[in-house]
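Student: Supplied structure: coords.cif, mmCIF, C-alpha atoms.
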```
data_entry
#
loop_
_atom_site.label_atom_id
_atom_site.label_comp_id
_atom_site.auth_asym_id
_atom_site.auth_seq_id
_atom_site.Cartn_x
_atom_site.Cartn_y
_atom_site.Cartn_z
CA MET S 22 102.02 106.71 91.55
CA LYS S 23 100.80 109.67 93.59
CA VAL S 24 99.57 109.05 97.13
CA TYR S 25 97.35 111.56 98.95
CA LEU S 26 98.29 111.69 102.63
CA ALA S 27 95.06 112.37 104.54
CA GLY S 28 94.87 112.85 108.27
CA PRO S 29 94.55 115.20 111.21
CA GLU S 30 98.32 115.71 111.42
CA VAL S 31 97.68 119.13 109.81
CA PHE S 32 96.35 120.26 113.21
CA LEU S 33 99.51 119.38 115.18
CA PRO S 34 101.73 122.14 116.61
CA ASN S 35 104.61 120.60 114.62
CA ALA S 36 102.48 119.80 111.56
CA ARG S 37 105.14 120.80 109.03
CA GLU S 38 107.75 118.51 110.60
CA VAL S 39 105.33 115.57 110.87
CA LEU S 40 104.05 116.00 107.30
CA ASP S 41 107.65 116.23 106.05
CA ARG S 42 108.42 112.95 107.77
CA LYS S 43 105.39 111.29 106.10
CA ILE S 44 106.44 112.78 102.77
CA ALA S 45 109.98 111.42 103.13
CA LEU S 46 108.68 107.95 104.09
CA THR S 47 106.31 107.93 101.09
CA ARG S 48 109.22 108.69 98.74
CA ARG S 49 111.34 105.98 100.37
CA TYR S 50 108.73 103.39 99.34
CA GLY S 51 108.73 104.58 95.74
CA PHE S 52 105.57 106.72 95.72
CA THR S 53 105.07 110.42 95.02
CA PRO S 54 103.60 112.07 98.13
CA ILE S 55 100.74 114.55 97.77
CA SER S 56 100.14 116.29 101.07
CA PRO S 57 97.65 118.92 102.25
CA GLY S 58 99.72 122.05 102.74
CA ASP S 59 101.76 121.36 99.59
CA LEU S 60 100.25 124.44 97.93
CA GLU S 61 100.26 127.95 99.32
CA VAL S 62 96.88 129.37 100.36
CA PRO S 63 96.16 132.64 98.54
CA ALA S 64 95.42 135.79 100.55
CA THR S 65 91.69 136.08 101.31
CA ASP S 66 89.33 138.67 102.79
CA THR S 67 87.45 136.57 105.30
CA LYS S 68 88.02 133.55 107.50
CA ARG S 69 85.41 131.65 105.50
CA SER S 70 86.99 132.39 102.11
CA LYS S 71 90.32 131.20 103.50
CA GLY S 72 88.69 127.93 104.56
CA LEU S 73 87.09 127.57 101.13
CA ALA S 74 90.46 128.20 99.45
CA ILE S 75 92.08 125.42 101.49
CA SER S 76 89.21 123.03 100.67
CA SER S 77 89.59 123.83 97.00
CA ILE S 78 93.36 123.23 97.09
CA ASN S 79 92.90 119.88 98.83
CA GLU S 80 90.25 118.79 96.31
CA ARG S 81 92.63 119.70 93.49
CA LEU S 82 95.44 117.73 95.15
CA MET S 83 93.14 114.70 95.48
CA LEU S 84 92.14 114.93 91.81
CA GLY S 85 95.83 114.66 90.96
CA SER S 86 96.37 111.63 93.21
CA ASP S 87 96.07 107.90 92.45
CA MET S 88 95.72 106.47 95.95
CA ILE S 89 94.96 107.58 99.50
CA ILE S 90 96.46 106.63 102.83
CA ALA S 91 94.22 107.96 105.58
CA ASN S 92 94.98 108.38 109.27
CA LEU S 93 91.77 107.18 110.96
CA THR S 94 93.09 107.47 114.53
CA PRO S 95 90.14 108.77 116.61
CA PHE S 96 90.22 112.56 116.72
CA ARG S 97 88.56 114.55 119.53
CA GLY S 98 86.17 111.75 120.36
CA VAL S 99 85.10 108.28 119.30
CA ALA S 100 85.61 108.51 115.54
CA ALA S 101 88.05 109.51 112.82
CA ASP S 102 88.45 113.15 111.78
CA VAL S 103 85.46 114.05 109.56
CA GLY S 104 87.69 115.92 107.08
CA THR S 105 89.71 112.74 106.60
CA ALA S 106 86.49 110.70 106.25
CA PHE S 107 85.30 113.14 103.55
CA GLU S 108 88.62 112.76 101.70
CA LEU S 109 88.50 108.96 101.98
CA GLY S 110 84.99 108.96 100.47
CA PHE S 111 86.15 111.36 97.77
CA MET S 112 89.04 109.11 96.70
CA CYS S 113 86.91 105.94 96.94
CA ALA S 114 84.36 107.48 94.56
CA ARG S 115 87.21 108.15 92.13
CA GLY S 116 87.97 104.42 92.19
CA CYS S 117 91.34 104.90 93.84
CA PRO S 118 92.88 102.27 96.10
CA ALA S 119 92.63 103.29 99.75
CA TYR S 120 94.68 102.30 102.77
CA ALA S 121 94.39 103.54 106.32
CA PHE S 122 95.86 103.23 109.76
CA SER S 123 94.65 103.89 113.27
CA ASN S 124 96.95 104.21 116.26
CA THR S 125 94.61 102.35 118.57
CA VAL S 126 93.46 98.73 118.50
CA SER S 127 90.21 99.65 120.25
CA ASP S 128 87.60 99.13 117.54
CA HIS S 129 84.48 101.18 116.77
CA PHE S 130 82.22 99.12 119.04
CA ALA S 131 84.65 99.25 121.98
CA ARG S 132 85.14 103.01 121.65
CA VAL S 133 81.41 103.77 121.44
CA ALA S 134 80.75 101.42 124.38
CA ARG S 135 83.32 103.41 126.39
CA HIS S 136 81.67 106.65 125.20
CA TYR S 137 78.46 105.32 126.80
CA ASP S 138 80.34 104.16 129.96
CA GLY S 139 79.56 100.58 128.99
CA GLN S 140 75.79 101.18 129.13
CA ILE S 141 74.97 99.18 125.99
CA ARG S 142 71.77 97.12 125.81
CA SER S 143 70.40 94.94 123.05
CA ASP S 144 67.01 95.89 121.63
CA THR S 145 64.28 93.38 120.76
CA GLU S 146 66.03 92.68 117.45
CA ASN S 147 69.29 92.03 119.31
CA ARG S 148 70.83 95.25 118.06
CA PRO S 149 73.10 96.96 120.61
CA ARG S 150 72.02 100.49 121.59
CA GLY S 151 73.30 103.24 123.88
CA PRO S 152 71.20 104.82 126.66
CA ASP S 153 70.16 107.49 124.10
CA GLY S 154 68.60 104.77 121.95
CA LEU S 155 71.13 105.14 119.13
CA ALA S 156 72.28 101.87 117.58
CA VAL S 157 75.95 100.97 117.99
CA GLU S 158 77.48 99.40 114.88
CA ASP S 159 78.82 95.98 115.85
CA PHE S 160 80.55 94.73 112.72
CA ASP S 161 84.14 94.07 113.92
CA MET S 162 85.20 97.27 112.22
CA VAL S 163 87.70 99.99 112.96
CA ASP S 164 85.19 102.78 112.34
CA ASN S 165 81.84 103.39 110.62
CA LEU S 166 81.15 100.68 108.04
CA MET S 167 81.35 103.08 105.09
CA LEU S 168 85.02 103.74 105.92
CA ASP S 169 86.04 100.12 106.52
CA GLY S 170 83.94 98.95 103.56
CA GLY S 171 85.22 101.59 101.14
CA ILE S 172 88.80 100.59 101.89
CA GLU S 173 88.32 96.80 101.82
CA VAL S 174 86.30 96.69 98.59
CA ARG S 175 89.16 98.54 96.84
CA GLY S 176 91.73 95.98 98.05
CA GLY S 177 93.06 98.14 100.86
CA VAL S 178 93.68 97.43 104.53
CA ILE S 179 93.31 99.38 107.79
CA VAL S 180 96.40 98.81 109.93
CA THR S 181 95.76 99.19 113.67
CA ARG S 182 98.40 99.44 116.39
CA GLU S 183 98.25 100.44 120.03
CA VAL S 184 100.31 103.60 120.45
CA GLU S 185 100.67 105.47 123.76
CA ALA S 186 98.77 108.76 124.02
CA ALA S 187 101.84 110.98 123.64
CA GLY S 188 102.67 109.50 120.24
CA LEU S 189 99.10 109.09 118.98
CA PHE S 190 99.56 111.38 115.96
CA LEU S 191 103.35 111.09 115.75
CA ASP S 192 103.92 107.35 115.41
CA HIS S 193 104.31 106.38 111.76
CA GLN S 194 104.64 102.61 111.97
CA GLY S 195 101.04 102.01 110.88
CA PHE S 196 101.44 104.52 108.07
CA GLU S 197 104.67 102.81 106.99
CA GLU S 198 102.94 99.42 107.00
CA CYS S 199 100.37 100.87 104.55
CA LEU S 200 103.18 102.08 102.30
CA ARG S 201 104.84 98.66 102.46
CA MET S 202 101.64 96.83 101.46
CA ALA S 203 100.81 99.29 98.69
CA ALA S 204 104.37 99.07 97.32
CA THR S 205 104.17 95.28 97.25
CA ARG S 206 100.86 95.49 95.41
CA PHE S 207 101.61 98.25 92.91
CA LEU S 208 105.36 98.73 92.53
CA ARG S 209 106.75 95.20 92.17
CA MET U 20 66.42 113.63 89.89
CA LYS U 21 67.52 111.14 92.55
CA VAL U 22 68.56 112.44 95.95
CA TYR U 23 70.66 110.37 98.35
CA LEU U 24 69.51 110.95 101.93
CA ALA U 25 72.63 110.68 104.10
CA GLY U 26 72.64 110.96 107.86
CA PRO U 27 72.77 109.22 111.22
CA GLU U 28 69.00 108.72 111.30
CA VAL U 29 69.72 105.07 110.45
CA PHE U 30 70.85 104.64 114.07
CA LEU U 31 67.60 105.86 115.65
CA PRO U 32 65.29 103.43 117.49
CA ASN U 33 62.51 104.53 115.08
CA ALA U 34 64.81 104.72 112.04
CA ARG U 35 62.29 103.22 109.62
CA GLU U 36 59.61 105.74 110.56
CA VAL U 37 62.03 108.71 110.37
CA LEU U 38 63.50 107.60 107.04
CA ASP U 39 59.98 107.11 105.66
CA ARG U 40 59.12 110.67 106.65
CA LYS U 41 62.24 111.97 104.87
CA ILE U 42 61.38 109.84 101.84
CA ALA U 43 57.82 111.25 101.73
CA LEU U 44 59.09 114.85 102.05
CA THR U 45 61.60 114.28 99.25
CA ARG U 46 58.83 113.05 96.95
CA ARG U 47 56.65 116.02 97.88
CA TYR U 48 59.32 118.38 96.51
CA GLY U 49 59.51 116.48 93.23
CA PHE U 50 62.65 114.41 93.78
CA THR U 51 63.16 110.65 93.86
CA PRO U 52 64.46 109.65 97.31
CA ILE U 53 67.33 107.18 97.61
CA SER U 54 67.74 106.13 101.21
CA PRO U 55 70.16 103.79 103.00
CA GLY U 56 68.05 100.81 104.00
CA ASP U 57 66.20 100.83 100.67
CA LEU U 58 67.77 97.50 99.74
CA GLU U 59 67.67 94.33 101.78
CA VAL U 60 70.96 93.17 103.26
CA PRO U 61 71.75 89.59 102.18
CA ALA U 62 72.37 86.92 104.81
CA THR U 63 76.05 86.82 105.79
CA ASP U 64 78.30 84.56 107.88
CA THR U 65 80.07 87.12 110.02
CA LYS U 66 79.41 90.53 111.54
CA ARG U 67 82.10 92.00 109.36
CA SER U 68 80.71 90.59 106.11
CA LYS U 69 77.33 92.03 107.05
CA GLY U 70 78.89 95.47 107.53
CA LEU U 71 80.69 95.13 104.20
CA ALA U 72 77.41 94.16 102.49
CA ILE U 73 75.70 97.30 103.85
CA SER U 74 78.61 99.48 102.73
CA SER U 75 78.45 97.96 99.28
CA ILE U 76 74.67 98.56 99.04
CA ASN U 77 75.07 102.20 100.12
CA GLU U 78 77.85 102.78 97.58
CA ARG U 79 75.62 101.32 94.87
CA LEU U 80 72.73 103.57 95.95
CA MET U 81 75.03 106.62 95.79
CA LEU U 82 76.24 105.66 92.31
CA GLY U 83 72.59 105.74 91.23
CA SER U 84 71.93 109.17 92.79
CA ASP U 85 72.30 112.67 91.33
CA MET U 86 72.47 114.75 94.49
CA ILE U 87 73.04 114.37 98.23
CA ILE U 88 71.35 115.96 101.24
CA ALA U 89 73.45 115.21 104.31
CA ASN U 90 72.48 115.51 107.96
CA LEU U 91 75.60 117.04 109.55
CA THR U 92 74.09 117.45 113.03
CA PRO U 93 76.93 116.62 115.47
CA PHE U 94 76.83 112.94 116.32
CA ARG U 95 78.31 111.52 119.56
CA GLY U 96 80.68 114.44 119.93
CA VAL U 97 81.81 117.64 118.28
CA ALA U 98 81.51 116.67 114.63
CA ALA U 99 79.21 115.14 112.03
CA ASP U 100 78.84 111.37 111.70
CA VAL U 101 81.94 110.06 109.86
CA GLY U 102 79.84 107.73 107.69
CA THR U 103 77.86 110.74 106.48
CA ALA U 104 81.11 112.68 105.91
CA PHE U 105 82.42 109.77 103.81
CA GLU U 106 79.22 109.77 101.75
CA LEU U 107 79.34 113.54 101.29
CA GLY U 108 82.92 113.28 99.99
CA PHE U 109 81.89 110.38 97.76
CA MET U 110 79.09 112.36 96.13
CA CYS U 111 81.22 115.52 95.83
CA ALA U 112 83.89 113.56 93.94
CA ARG U 113 81.18 112.40 91.54
CA GLY U 114 80.44 116.07 90.84
CA CYS U 115 76.97 115.90 92.36
CA PRO U 116 75.32 118.93 93.98
CA ALA U 117 75.38 118.64 97.75
CA TYR U 118 73.16 120.20 100.41
CA ALA U 119 73.25 119.69 104.15
CA PHE U 120 71.60 120.67 107.38
CA SER U 121 72.62 120.71 111.01
CA ASN U 122 70.16 120.97 113.88
CA THR U 123 72.38 123.28 115.90
CA VAL U 124 73.56 126.80 115.19
CA SER U 125 76.70 126.26 117.26
CA ASP U 126 79.45 126.26 114.63
CA HIS U 127 82.60 124.12 114.45
CA PHE U 128 84.75 126.58 116.38
CA ALA U 129 82.17 127.04 119.17
CA ARG U 130 81.68 123.27 119.55
CA VAL U 131 85.41 122.51 119.69
CA ALA U 132 85.93 125.39 122.15
CA ARG U 133 83.25 123.82 124.37
CA HIS U 134 84.94 120.41 123.93
CA TYR U 135 88.07 122.06 125.40
CA ASP U 136 86.03 123.80 128.16
CA GLY U 137 86.88 127.12 126.56
CA GLN U 138 90.64 126.59 127.00
CA ILE U 139 91.63 127.93 123.58
CA ARG U 140 94.84 129.94 123.19
CA SER U 141 96.36 131.53 120.11
CA ASP U 142 99.83 130.34 119.10
CA THR U 143 102.62 132.63 117.88
CA GLU U 144 101.05 132.66 114.41
CA ASN U 145 97.68 133.64 115.94
CA ARG U 146 96.22 130.23 115.26
CA PRO U 147 93.80 129.05 117.98
CA ARG U 148 94.79 125.80 119.68
CA GLY U 149 93.38 123.55 122.40
CA PRO U 150 95.32 122.56 125.54
CA ASP U 151 96.48 119.44 123.63
CA GLY U 152 98.18 121.70 121.07
CA LEU U 153 95.80 120.75 118.25
CA ALA U 154 94.75 123.67 116.02
CA VAL U 155 91.07 124.60 116.05
CA GLU U 156 89.71 125.52 112.62
CA ASP U 157 88.33 129.06 112.83
CA PHE U 158 86.77 129.64 109.42
CA ASP U 159 83.15 130.52 110.29
CA MET U 160 82.15 127.05 109.18
CA VAL U 161 79.59 124.50 110.30
CA ASP U 162 82.13 121.66 110.38
CA ASN U 163 85.56 120.75 109.00
CA LEU U 164 86.39 122.90 105.97
CA MET U 165 86.35 119.97 103.55
CA LEU U 166 82.63 119.47 104.30
CA ASP U 167 81.60 123.12 104.11
CA GLY U 168 83.86 123.71 101.10
CA GLY U 169 82.72 120.64 99.18
CA ILE U 170 79.09 121.74 99.52
CA GLU U 171 79.60 125.43 98.72
CA VAL U 172 81.79 124.91 95.66
CA ARG U 173 79.01 122.74 94.16
CA GLY U 174 76.42 125.47 94.69
CA GLY U 175 74.91 123.92 97.82
CA VAL U 176 74.11 125.32 101.23
CA ILE U 177 74.27 124.07 104.82
CA VAL U 178 71.08 125.02 106.65
CA THR U 179 71.51 125.40 110.42
CA ARG U 180 68.75 125.67 113.00
CA GLU U 181 68.69 125.39 116.76
CA VAL U 182 66.60 122.38 117.69
CA GLU U 183 66.07 121.18 121.25
CA ALA U 184 67.93 118.02 122.28
CA ALA U 185 64.87 115.76 122.17
CA GLY U 186 64.24 116.53 118.51
CA LEU U 187 67.87 116.69 117.39
CA PHE U 188 67.53 113.87 114.86
CA LEU U 189 63.77 114.08 114.39
CA ASP U 190 63.24 117.69 113.29
CA HIS U 191 63.05 117.91 109.49
CA GLN U 192 62.71 121.66 108.95
CA GLY U 193 66.37 122.06 107.97
CA PHE U 194 66.11 119.05 105.69
CA GLU U 195 62.96 120.47 104.10
CA GLU U 196 64.71 123.82 103.53
CA CYS U 197 67.40 121.93 101.57
CA LEU U 198 64.71 120.26 99.45
CA ARG U 199 63.06 123.65 98.83
CA MET U 200 66.31 125.27 97.67
CA ALA U 201 67.27 122.31 95.50
CA ALA U 202 63.79 122.22 93.92
CA THR U 203 64.03 125.95 93.10
CA ARG U 204 67.44 125.36 91.54
CA PHE U 205 66.79 122.17 89.59
CA LEU U 206 63.07 121.60 89.11
CA ARG U 207 61.79 124.99 87.96
#
```
Once more with this new file: its structure as structure tokens, please.
Tutor:
Amino acid sequence: MKVYLAGPEVFLPNAREVLDRKIALTRRYGFTPISPGDLEVPATDTKRSKGLAISSINERLMLGSDMIIANLTPFRGVAADVGTAFELGFMCARGCPAYAFSNTVSDHFARVARHYDGQIRSDTENRPRGPDGLAVEDFDMVDNLMLDGGIEVRGGVIVTREVEAAGLFLDHQGFEECLRMAATRFLR
Amino acid sequence: MKVYLAGPEVFLPNAREVLDRKIALTRRYGFTPISPGDLEVPATDTKRSKGLAISSINERLMLGSDMIIANLTPFRGVAADVGTAFELGFMCARGCPAYAFSNTVSDHFARVARHYDGQIRSDTENRPRGPDGLAVEDFDMVDNLMLDGGIEVRGGVIVTREVEAAGLFLDHQGFEECLRMAATRFLR
């Protein structure tokens, strides 16, 4: 069973080392790891065509995968990396089981409330809103409801742990917990 | 041809009015609009089960759609709304044409550079990185390469326009340009 390893680890200074560790862990639990960066990017003329080539490689890797484990740890702000969210949606549409982890226990509502410095008010329909009028999802969810919902409806789980800032994208305990649950479900 | 209207407009104080305007525009160009909020959410016991019910409705609406037009205007930070990114990936995996618009001309690289207060340095492989060491995608793209790539490879376009802050989620010219291009491609 091939598992696509989605997450913003590709942006780390030591991306290769971190991805290799995730790859090794995935094998240890009996799965075949499929990781962005597995294929070499062909030479291209422009920045944009290089980006398109990488997108195309990642789509191909996903089409050859049976499951996704996504790192939904907030990335440069209140929410998960949008590339990872795209990939999660992509694999959900293919009917693949999806698991995820986030290295913070602060949920979507708490993070957005902090983004607004706590200035959340309920509107006349009792819906919480920020000072800019935008509604704040309040569904006891890790991130936007499409992400949590897509995972749960396919039998998956989002593992959350509180990890100190320095290890935010390096700590693999949540990832490993996903592997453990998926192995129990699919490989026993 | 049914078009799924994805975007963070659902969070606006006047969401119903804004969605209705998008729905009317979509009809005017000859498409059948499919919009989140089209179906009533059943009564649920918990916040979480309500969120799951909405997710499930939106997935069902997407499964009944033939195309997506996504609002990728940056939402609460440097990137598109992650729910919209999930839906874009979902529709791309289904092989549906995808169009998008963003109401800023500031591209991904420019926005992330501003997020880092301009503190971007190239590493030894000439890859731009923020002060936190995270690589900054520099591919002349509107957002993360999976989003731009997923749209372009399916023949779509991301329309960008500079819209003043007050109209950021209310201006529909970019959206209408997507409808115009899609109508030329599919309805002539």
Student: When distances are computed from only C-alpha atoms, which of S:Phe207, S:Phe130, S:Phe107, S:Tyr120 shows the smallest separation from chain U?
Tutor: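 For chain U, the nearest of the given residues is S:Phe107.
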Student: For the PyMOL selection byres ((chain U and resi 95) around 10), applied here, can you spell out every residue it catches as a VMD selection string?
Tutor: (chain S and resid 98 to 100 133 136 to 137 155) or (chain U and resid 92 to 94 96 to 100)
Student: Specify the axis-aligned box that encloses all atoms of region 173-180 of chain U listed in the file after padding of 3 Å on each side, stating its centre and edge lengths in Å to one decimal as JSON.
Tutor:
```
{"center_x": 73.9, "center_y": 124.2, "center_z": 103.6, "size_x": 16.3, "size_y": 8.9, "size_z": 24.8}
```
Student: Around the point (99.2, 107.4, 110.5) (coordinates from the file), which residues reach within 7 Å if we count all atoms listed in the file? Answer as a PyMOL selection string.
Tutor: chain S and resi 92+122-124+190+192-193+195-196
Student: With C-alpha atoms retained, write the just-selected residues as a PDB file, in the coordinates of the input.
Tutor:
```pdb
ATOM      1  CA  ASN S  92      94.980 108.380 109.270  1.00  0.00           C
ATOM      2  CA  PHE S 122      95.860 103.230 109.760  1.00  0.00           C
ATOM      3  CA  SER S 123      94.650 103.890 113.270  1.00  0.00           C
ATOM      4  CA  ASN S 124      96.950 104.210 116.260  1.00  0.00           C
ATOM      5  CA  PHE S 190      99.560 111.380 115.960  1.00  0.00           C
ATOM      6  CA  ASP S 192     103.920 107.350 115.410  1.00  0.00           C
ATOM      7  CA  HIS S 193     104.310 106.380 111.760  1.00  0.00           C
ATOM      8  CA  GLY S 195     101.040 102.010 110.880  1.00  0.00           C
ATOM      9  CA  PHE S 196     101.440 104.520 108.070  1.00  0.00           C
TER      10      PHE S 196
END
```
Student: Identify all chain S residues at most 7 Å from chain U by counting only C-alpha atoms; ligands do not count. Present them as a PDB file with C-alpha atoms, in the coordinates of the input.
Tutor:
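File produced: selection-v4.pdb:
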```pdb
ATOM      1  CA  PHE S  32      96.350 120.260 113.210  1.00  0.00           C
ATOM      2  CA  LEU S  33      99.510 119.380 115.180  1.00  0.00           C
ATOM      3  CA  PRO S  34     101.730 122.140 116.610  1.00  0.00           C
ATOM      4  CA  LYS S  68      88.020 133.550 107.500  1.00  0.00           C
ATOM      5  CA  ARG S  69      85.410 131.650 105.500  1.00  0.00           C
ATOM      6  CA  GLY S  72      88.690 127.930 104.560  1.00  0.00           C
ATOM      7  CA  LEU S  73      87.090 127.570 101.130  1.00  0.00           C
ATOM      8  CA  SER S  76      89.210 123.030 100.670  1.00  0.00           C
ATOM      9  CA  GLY S  98      86.170 111.750 120.360  1.00  0.00           C
ATOM     10  CA  ALA S 100      85.610 108.510 115.540  1.00  0.00           C
ATOM     11  CA  ALA S 101      88.050 109.510 112.820  1.00  0.00           C
ATOM     12  CA  VAL S 103      85.460 114.050 109.560  1.00  0.00           C
ATOM     13  CA  GLY S 104      87.690 115.920 107.080  1.00  0.00           C
ATOM     14  CA  ALA S 106      86.490 110.700 106.250  1.00  0.00           C
ATOM     15  CA  PHE S 107      85.300 113.140 103.550  1.00  0.00           C
ATOM     16  CA  GLU S 108      88.620 112.760 101.700  1.00  0.00           C
ATOM     17  CA  LEU S 109      88.500 108.960 101.980  1.00  0.00           C
ATOM     18  CA  GLY S 110      84.990 108.960 100.470  1.00  0.00           C
ATOM     19  CA  PHE S 111      86.150 111.360  97.770  1.00  0.00           C
ATOM     20  CA  CYS S 113      86.910 105.940  96.940  1.00  0.00           C
ATOM     21  CA  ALA S 114      84.360 107.480  94.560  1.00  0.00           C
ATOM     22  CA  ARG S 115      87.210 108.150  92.130  1.00  0.00           C
ATOM     23  CA  GLY S 154      68.600 104.770 121.950  1.00  0.00           C
ATOM     24  CA  LEU S 155      71.130 105.140 119.130  1.00  0.00           C
ATOM     25  CA  ALA S 156      72.280 101.870 117.580  1.00  0.00           C
ATOM     26  CA  ASP S 159      78.820  95.980 115.850  1.00  0.00           C
ATOM     27  CA  PHE S 160      80.550  94.730 112.720  1.00  0.00           C
ATOM     28  CA  ASP S 161      84.140  94.070 113.920  1.00  0.00           C
ATOM     29  CA  MET S 162      85.200  97.270 112.220  1.00  0.00           C
ATOM     30  CA  ASN S 165      81.840 103.390 110.620  1.00  0.00           C
ATOM     31  CA  LEU S 166      81.150 100.680 108.040  1.00  0.00           C
ATOM     32  CA  MET S 167      81.350 103.080 105.090  1.00  0.00           C
ATOM     33  CA  LEU S 168      85.020 103.740 105.920  1.00  0.00           C
ATOM     34  CA  GLY S 170      83.940  98.950 103.560  1.00  0.00           C
TER      35      GLY S 170
END
```
Student: At a cut-off of 6 Å from (95.8, 101.2, 116.0) in the coordinates of the file, what residues are picked up using all atoms listed in the file, written as a compact mmCIF listing (two decimals) with C-alpha atoms, in the frame of the given file?
Tutor:
```txt
# COMPACT_ATOMS: atom_id res chain seq x y z
CA SER S 123 94.65 103.89 113.27
CA ASN S 124 96.95 104.21 116.26
CA THR S 125 94.61 102.35 118.57
CA VAL S 126 93.46 98.73 118.50
CA THR S 181 95.76 99.19 113.67
CA ARG S 182 98.40 99.44 116.39
CA GLU S 183 98.25 100.44 120.03
```
Student: Residues at most 9 Å from Leu206 (chain U), counting only C-alpha atoms, excluding those fewer than 5 positions away in the same chain, as a list of chain:residue names?
Tutor: U:Met20, U:Tyr48, U:Gly49, U:Phe50, U:Ala201
Student: One decimal, in Å: what's the spacing between CA of Ala91 (chain S) and CA of Pro63 (chain S)?
Tutor: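 Separation of CA of Ala91 (chain S) and CA of Pro63 (chain S): 25.7 Å.
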Student: Between CA of Val176 (chain U) and CA of Gln192 (chain U), measure the distance and give it in Å to one decimal.
Tutor: 14.2 Å
Student: If you measure from CA of Thr47 (chain S) to CA of Arg175 (chain S), what distance in Å do you get, rounded to one decimal?
Tutor: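 These atoms are spaced 20.0 Å apart.
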